[in-house]
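Structure file coords-v6.cif (mmCIF, C-alpha atoms) follows.
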```cif
data_input
loop_
_atom_site.label_atom_id
_atom_site.label_comp_id
_atom_site.auth_asym_id
_atom_site.auth_seq_id
_atom_site.Cartn_x
_atom_site.Cartn_y
_atom_site.Cartn_z
CA MET A 106 -28.24 27.13 23.60
CA THR A 107 -30.43 28.93 26.13
CA ASP A 108 -32.34 32.06 25.22
CA ARG A 109 -29.76 34.21 27.02
CA GLN A 110 -26.71 33.03 25.10
CA ALA A 111 -25.69 34.95 22.01
CA PRO A 112 -24.87 32.81 18.97
CA ARG A 113 -21.15 32.22 18.66
CA PRO A 114 -19.62 32.68 15.21
CA PHE A 115 -18.31 29.63 13.38
CA SER A 116 -17.89 28.55 9.77
CA VAL A 117 -18.29 25.30 7.86
CA ARG A 118 -15.86 24.40 5.08
CA PRO A 119 -14.55 21.39 3.17
CA ALA A 120 -11.94 19.49 5.16
CA ARG A 121 -8.29 19.51 4.22
CA SER A 122 -5.79 16.75 4.80
CA ASP A 123 -4.25 18.71 7.68
CA ASP A 124 -7.63 18.57 9.49
CA MET A 125 -7.59 14.78 9.82
CA VAL A 126 -5.43 14.63 12.95
CA GLY A 127 -7.84 17.08 14.61
CA ILE A 128 -10.87 15.09 13.47
CA HIS A 129 -9.26 11.92 14.82
CA ALA A 130 -8.69 13.66 18.18
CA MET A 131 -12.30 14.92 18.28
CA LEU A 132 -13.56 11.43 17.42
CA GLU A 133 -11.72 9.58 20.20
CA PRO A 134 -13.92 10.68 23.14
CA TYR A 135 -17.02 9.57 21.19
CA VAL A 136 -15.38 6.22 20.49
CA GLN A 137 -14.53 5.83 24.19
CA ARG A 138 -18.17 6.57 25.12
CA GLY A 139 -19.41 3.99 22.56
CA ILE A 140 -21.24 6.62 20.51
CA LEU A 141 -19.20 6.37 17.31
CA LEU A 142 -17.05 3.64 15.85
CA GLY A 143 -13.34 4.32 15.82
CA LYS A 144 -11.56 5.02 12.58
CA ASP A 145 -7.88 4.57 11.87
CA ILE A 146 -6.20 7.80 10.84
CA VAL A 147 -5.44 6.32 7.41
CA VAL A 148 -9.18 5.80 6.85
CA LEU A 149 -9.78 9.45 7.70
CA TYR A 150 -7.08 10.60 5.29
CA GLU A 151 -8.61 8.44 2.56
CA ALA A 152 -11.98 10.09 3.16
CA THR A 153 -10.75 13.69 3.42
CA GLN A 154 -12.81 14.82 0.42
CA GLN A 155 -15.99 13.46 2.07
CA PHE A 156 -15.61 15.62 5.18
CA LEU A 157 -16.76 19.07 6.16
CA VAL A 158 -15.42 20.74 9.28
CA ALA A 159 -16.80 23.48 11.46
CA GLU A 160 -14.31 25.84 13.01
CA ALA A 161 -14.30 28.85 15.29
CA ASP A 162 -11.25 31.02 15.78
CA GLY A 163 -9.14 28.47 13.88
CA GLU A 164 -10.21 25.58 16.15
CA LEU A 165 -12.08 22.53 14.87
CA ILE A 166 -15.41 22.30 16.66
CA GLY A 167 -17.27 19.76 14.55
CA CYS A 168 -17.24 17.58 11.47
CA GLY A 169 -19.35 15.35 9.30
CA ALA A 170 -18.89 13.33 6.15
CA LEU A 171 -20.99 12.39 3.14
CA HIS A 172 -20.34 8.91 1.79
CA VAL A 173 -21.93 7.91 -1.52
CA MET A 174 -23.40 4.41 -1.25
CA TRP A 175 -25.31 4.04 -4.53
CA GLU A 176 -26.48 6.14 -7.46
CA ASP A 177 -29.23 7.80 -5.42
CA LEU A 178 -28.13 7.07 -1.85
CA GLY A 179 -25.60 8.62 0.50
CA GLU A 180 -24.80 8.40 4.18
CA VAL A 181 -24.12 11.10 6.75
CA ARG A 182 -21.12 9.75 8.67
CA THR A 183 -18.94 10.76 11.57
CA LEU A 184 -21.11 13.73 12.53
CA LEU A 185 -19.86 15.18 15.77
CA VAL A 186 -19.72 18.49 17.57
CA SER A 187 -17.40 19.42 20.44
CA ASP A 188 -19.26 19.40 23.76
CA ASP A 189 -18.79 23.16 24.22
CA TRP A 190 -20.55 23.78 20.90
CA VAL A 191 -23.55 21.46 21.21
CA ARG A 192 -26.85 23.35 20.72
CA HIS A 193 -25.18 26.24 18.92
CA GLY A 194 -26.31 25.24 15.41
CA VAL A 195 -23.04 23.56 14.43
CA GLY A 196 -24.50 20.11 13.74
CA ARG A 197 -27.42 21.62 11.83
CA ALA A 198 -25.07 23.72 9.68
CA ILE A 199 -22.90 20.71 8.87
CA VAL A 200 -25.91 18.53 7.95
CA GLU A 201 -27.40 21.30 5.79
CA GLN A 202 -24.15 21.58 3.83
CA LEU A 203 -23.83 17.79 3.54
CA GLU A 204 -27.38 17.74 2.14
CA ALA A 205 -26.46 20.44 -0.38
CA ASN A 206 -23.41 18.42 -1.39
CA ALA A 207 -25.59 15.30 -1.75
CA ARG A 208 -28.02 17.15 -4.02
CA ALA A 209 -25.12 18.44 -6.12
CA LEU A 210 -24.01 14.81 -6.59
CA GLY A 211 -27.52 13.81 -7.70
CA LEU A 212 -28.39 11.88 -4.54
CA THR A 213 -32.05 11.75 -3.54
CA ARG A 214 -31.81 9.86 -0.24
CA LEU A 215 -29.58 10.19 2.81
CA PHE A 216 -29.07 7.52 5.44
CA CYS A 217 -27.70 7.83 8.96
CA LEU A 218 -27.20 5.46 11.86
CA THR A 219 -27.56 7.43 15.06
CA PHE A 220 -28.32 7.72 18.74
CA GLU A 221 -29.42 11.34 18.09
CA VAL A 222 -32.90 10.49 16.79
CA ASP A 223 -34.48 13.81 17.81
CA PHE A 224 -31.75 15.83 16.08
CA PHE A 225 -32.14 13.94 12.81
CA THR A 226 -35.94 13.90 13.04
CA ARG A 227 -35.86 17.71 13.20
CA ARG A 228 -33.79 17.59 9.98
CA GLY A 229 -36.45 15.48 8.21
CA PHE A 230 -34.99 12.00 8.70
CA GLU A 231 -37.32 9.13 9.60
CA PRO A 232 -36.63 5.72 11.14
CA ILE A 233 -36.50 2.97 8.53
CA GLY A 234 -37.12 -0.74 8.38
CA GLU A 235 -34.76 -3.38 7.11
CA GLN A 236 -35.33 -3.37 3.35
CA VAL A 237 -34.87 0.07 1.76
CA VAL A 238 -33.20 -0.96 -1.51
CA ASP A 239 -34.41 -3.40 -4.10
CA PRO A 240 -32.91 -6.91 -4.14
CA ASP A 241 -30.61 -6.19 -7.13
CA VAL A 242 -29.04 -3.19 -5.37
CA TYR A 243 -28.81 -5.16 -2.13
CA SER A 244 -26.90 -7.92 -3.91
CA GLN A 245 -24.36 -5.33 -5.08
CA LEU A 246 -24.08 -3.42 -1.80
CA VAL A 247 -23.52 -6.57 0.24
CA ARG A 248 -20.26 -7.07 -1.72
CA SER A 249 -18.81 -3.82 -0.39
CA PRO A 250 -16.04 -4.13 2.20
CA ASP A 251 -17.29 -0.89 3.82
CA ALA A 252 -18.60 -1.37 7.37
CA GLY A 253 -20.95 1.60 7.00
CA ILE A 254 -22.70 -0.07 4.10
CA HIS A 255 -22.98 -3.24 6.16
CA GLU A 256 -24.61 -1.12 8.91
CA PHE A 257 -27.02 0.32 6.35
CA LEU A 258 -27.93 -3.18 5.19
CA ASP A 259 -28.35 -4.20 8.84
CA LEU A 260 -26.18 -7.27 8.38
CA ALA A 261 -25.95 -9.62 11.35
CA HIS A 262 -22.18 -9.32 11.84
CA VAL A 263 -22.42 -5.54 12.51
CA LYS A 264 -25.38 -5.67 14.91
CA PRO A 265 -23.23 -5.84 18.08
CA ASN A 266 -21.66 -2.50 17.04
CA THR A 267 -25.00 -0.85 16.28
CA LEU A 268 -27.09 -1.82 19.31
CA GLY A 269 -29.21 1.11 20.41
CA ASN A 270 -28.66 3.06 17.20
CA THR A 271 -31.56 3.99 14.95
CA ARG A 272 -31.35 3.61 11.20
CA MET A 273 -32.85 6.72 9.59
CA LEU A 274 -33.45 7.96 6.05
CA LYS A 275 -34.30 11.30 4.49
CA ARG A 276 -35.64 11.90 1.01
CA LEU A 277 -34.05 14.98 -0.47
CA VAL A 278 -36.30 17.30 -2.46
#
```
In structure tokens, write the structure found in this file.
Amino acid sequence: MTDRQAPRPFSVRPARSDDMVGIHAMLEPYVQRGILLGKDIVVLYEATQQFLVAEADGELIGCGALHVMWEDLGEVRTLLVSDDWVRHGVGRAIVEQLEANARALGLTRLFCLTFEVDFFTRRGFEPIGEQVVDPDVYSQLVRSPDAGIHEFLDLAHVKPNTLGNTRMLKRLV
């Protein structure tokens, strides 16, 4: 947003099942550009309760999800904002609410895998190395069929899908 543009009103709310087709449609251009991994619509429906959506005048303009990975660890997933709404505070508002939701669940750390390093750095995330959980937790997480957890663990079979992304972590206070 430039200094001359007035903020445009929008709201952030928990997603409903009838939002999933819209989220899927918003996701597709990011999948085509290689920014986000594609998700089958059934996967989105199964994760409805993890999602928040931003809307303006009844139109979906952004979304993000919080996925619990372990007792103290969650992941910000599928964060996206429609091109017309980038730099209008939509992404920040979604992440702030996801962080509040994470705290309410008792999480103390949030992970993300992103190309948007500057955005997440401004939100308090920092790049991380390879080993951020102890070996006992690692041995449990590696059993998960969830690709996002495999990305978090930086497993070799997901590296082709994550090239160029930065693994980041934030400690919640």
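Counting from CA of Arg118 in chain A, the distance to CA of Asp177 in chain A is 23.8 Å.
If you measure from each of A:Leu185, A:Val195, A:Ala159, A:Leu178 to Leu277 in chain A using all atoms listed in the file, the closest one turns out to be A:Leu178.
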Expanded to explicit residues, what is the PyMOL selection byres ((chain A and resi 135) around 12) for this file, as a list in words? Ile128, His129, Ala130, Met131, Leu132, Glu133, Pro134, Val136, Gln137, Arg138, Gly139, Ile140, Leu141, Leu142, Gly143, Lys144, Thr183, Leu184, Leu185, Val186, Ser187, Asp188 and Phe220 of chain A
Take the residues just selected and output them with C-alpha atoms as an mmCIF file, keeping the file's coordinate frame.
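The result, written out as out-v3.cif:
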```cif
data_model
loop_
_atom_site.group_PDB
_atom_site.id
_atom_site.type_symbol
_atom_site.label_atom_id
_atom_site.label_comp_id
_atom_site.auth_asym_id
_atom_site.auth_seq_id
_atom_site.Cartn_x
_atom_site.Cartn_y
_atom_site.Cartn_z
ATOM 1 C CA ILE A 128 -10.870 15.090 13.470
ATOM 2 C CA HIS A 129 -9.260 11.920 14.820
ATOM 3 C CA ALA A 130 -8.690 13.660 18.180
ATOM 4 C CA MET A 131 -12.300 14.920 18.280
ATOM 5 C CA LEU A 132 -13.560 11.430 17.420
ATOM 6 C CA GLU A 133 -11.720 9.580 20.200
ATOM 7 C CA PRO A 134 -13.920 10.680 23.140
ATOM 8 C CA VAL A 136 -15.380 6.220 20.490
ATOM 9 C CA GLN A 137 -14.530 5.830 24.190
ATOM 10 C CA ARG A 138 -18.170 6.570 25.120
ATOM 11 C CA GLY A 139 -19.410 3.990 22.560
ATOM 12 C CA ILE A 140 -21.240 6.620 20.510
ATOM 13 C CA LEU A 141 -19.200 6.370 17.310
ATOM 14 C CA LEU A 142 -17.050 3.640 15.850
ATOM 15 C CA GLY A 143 -13.340 4.320 15.820
ATOM 16 C CA LYS A 144 -11.560 5.020 12.580
ATOM 17 C CA THR A 183 -18.940 10.760 11.570
ATOM 18 C CA LEU A 184 -21.110 13.730 12.530
ATOM 19 C CA LEU A 185 -19.860 15.180 15.770
ATOM 20 C CA VAL A 186 -19.720 18.490 17.570
ATOM 21 C CA SER A 187 -17.400 19.420 20.440
ATOM 22 C CA ASP A 188 -19.260 19.400 23.760
ATOM 23 C CA PHE A 220 -28.320 7.720 18.740
#
```
As a check of understanding, name the residues that the PyMOL selection byres ((chain A and resi 226) around 12) selects in the supplied structure, as a VMD selection string. chain A and resid 197 217 219 to 225 227 to 233 271 to 275
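Distances from A:Arg182, A:Asp241, A:Ile166, A:Met125 to Val148 in chain A were compared using only C-alpha atoms, and the smallest one belongs to A:Met125.
One distance worth recording is that between CA of Leu165 in chain A and CA of Glu180 in chain A, which is 21.8 Å.
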Pick out the closest residue to Phe156 in chain A from this set: A:Val117, A:Val247, A:Met174, A:Leu215. Count all atoms listed in the file. A:Val117
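Put simply, CA of Gly211 in chain A is 15.1 Å away from CA of Gln155 in chain A.
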Put the listed atoms of range 136-151 of chain A in a box along x, y and z with 6 Å added on every side and give me the centre and edge lengths in Å to one decimal, as JSON.
```
{"center_x": -13.3, "center_y": 7.1, "center_z": 13.8, "size_x": 27.8, "size_y": 19.0, "size_z": 34.6}
```
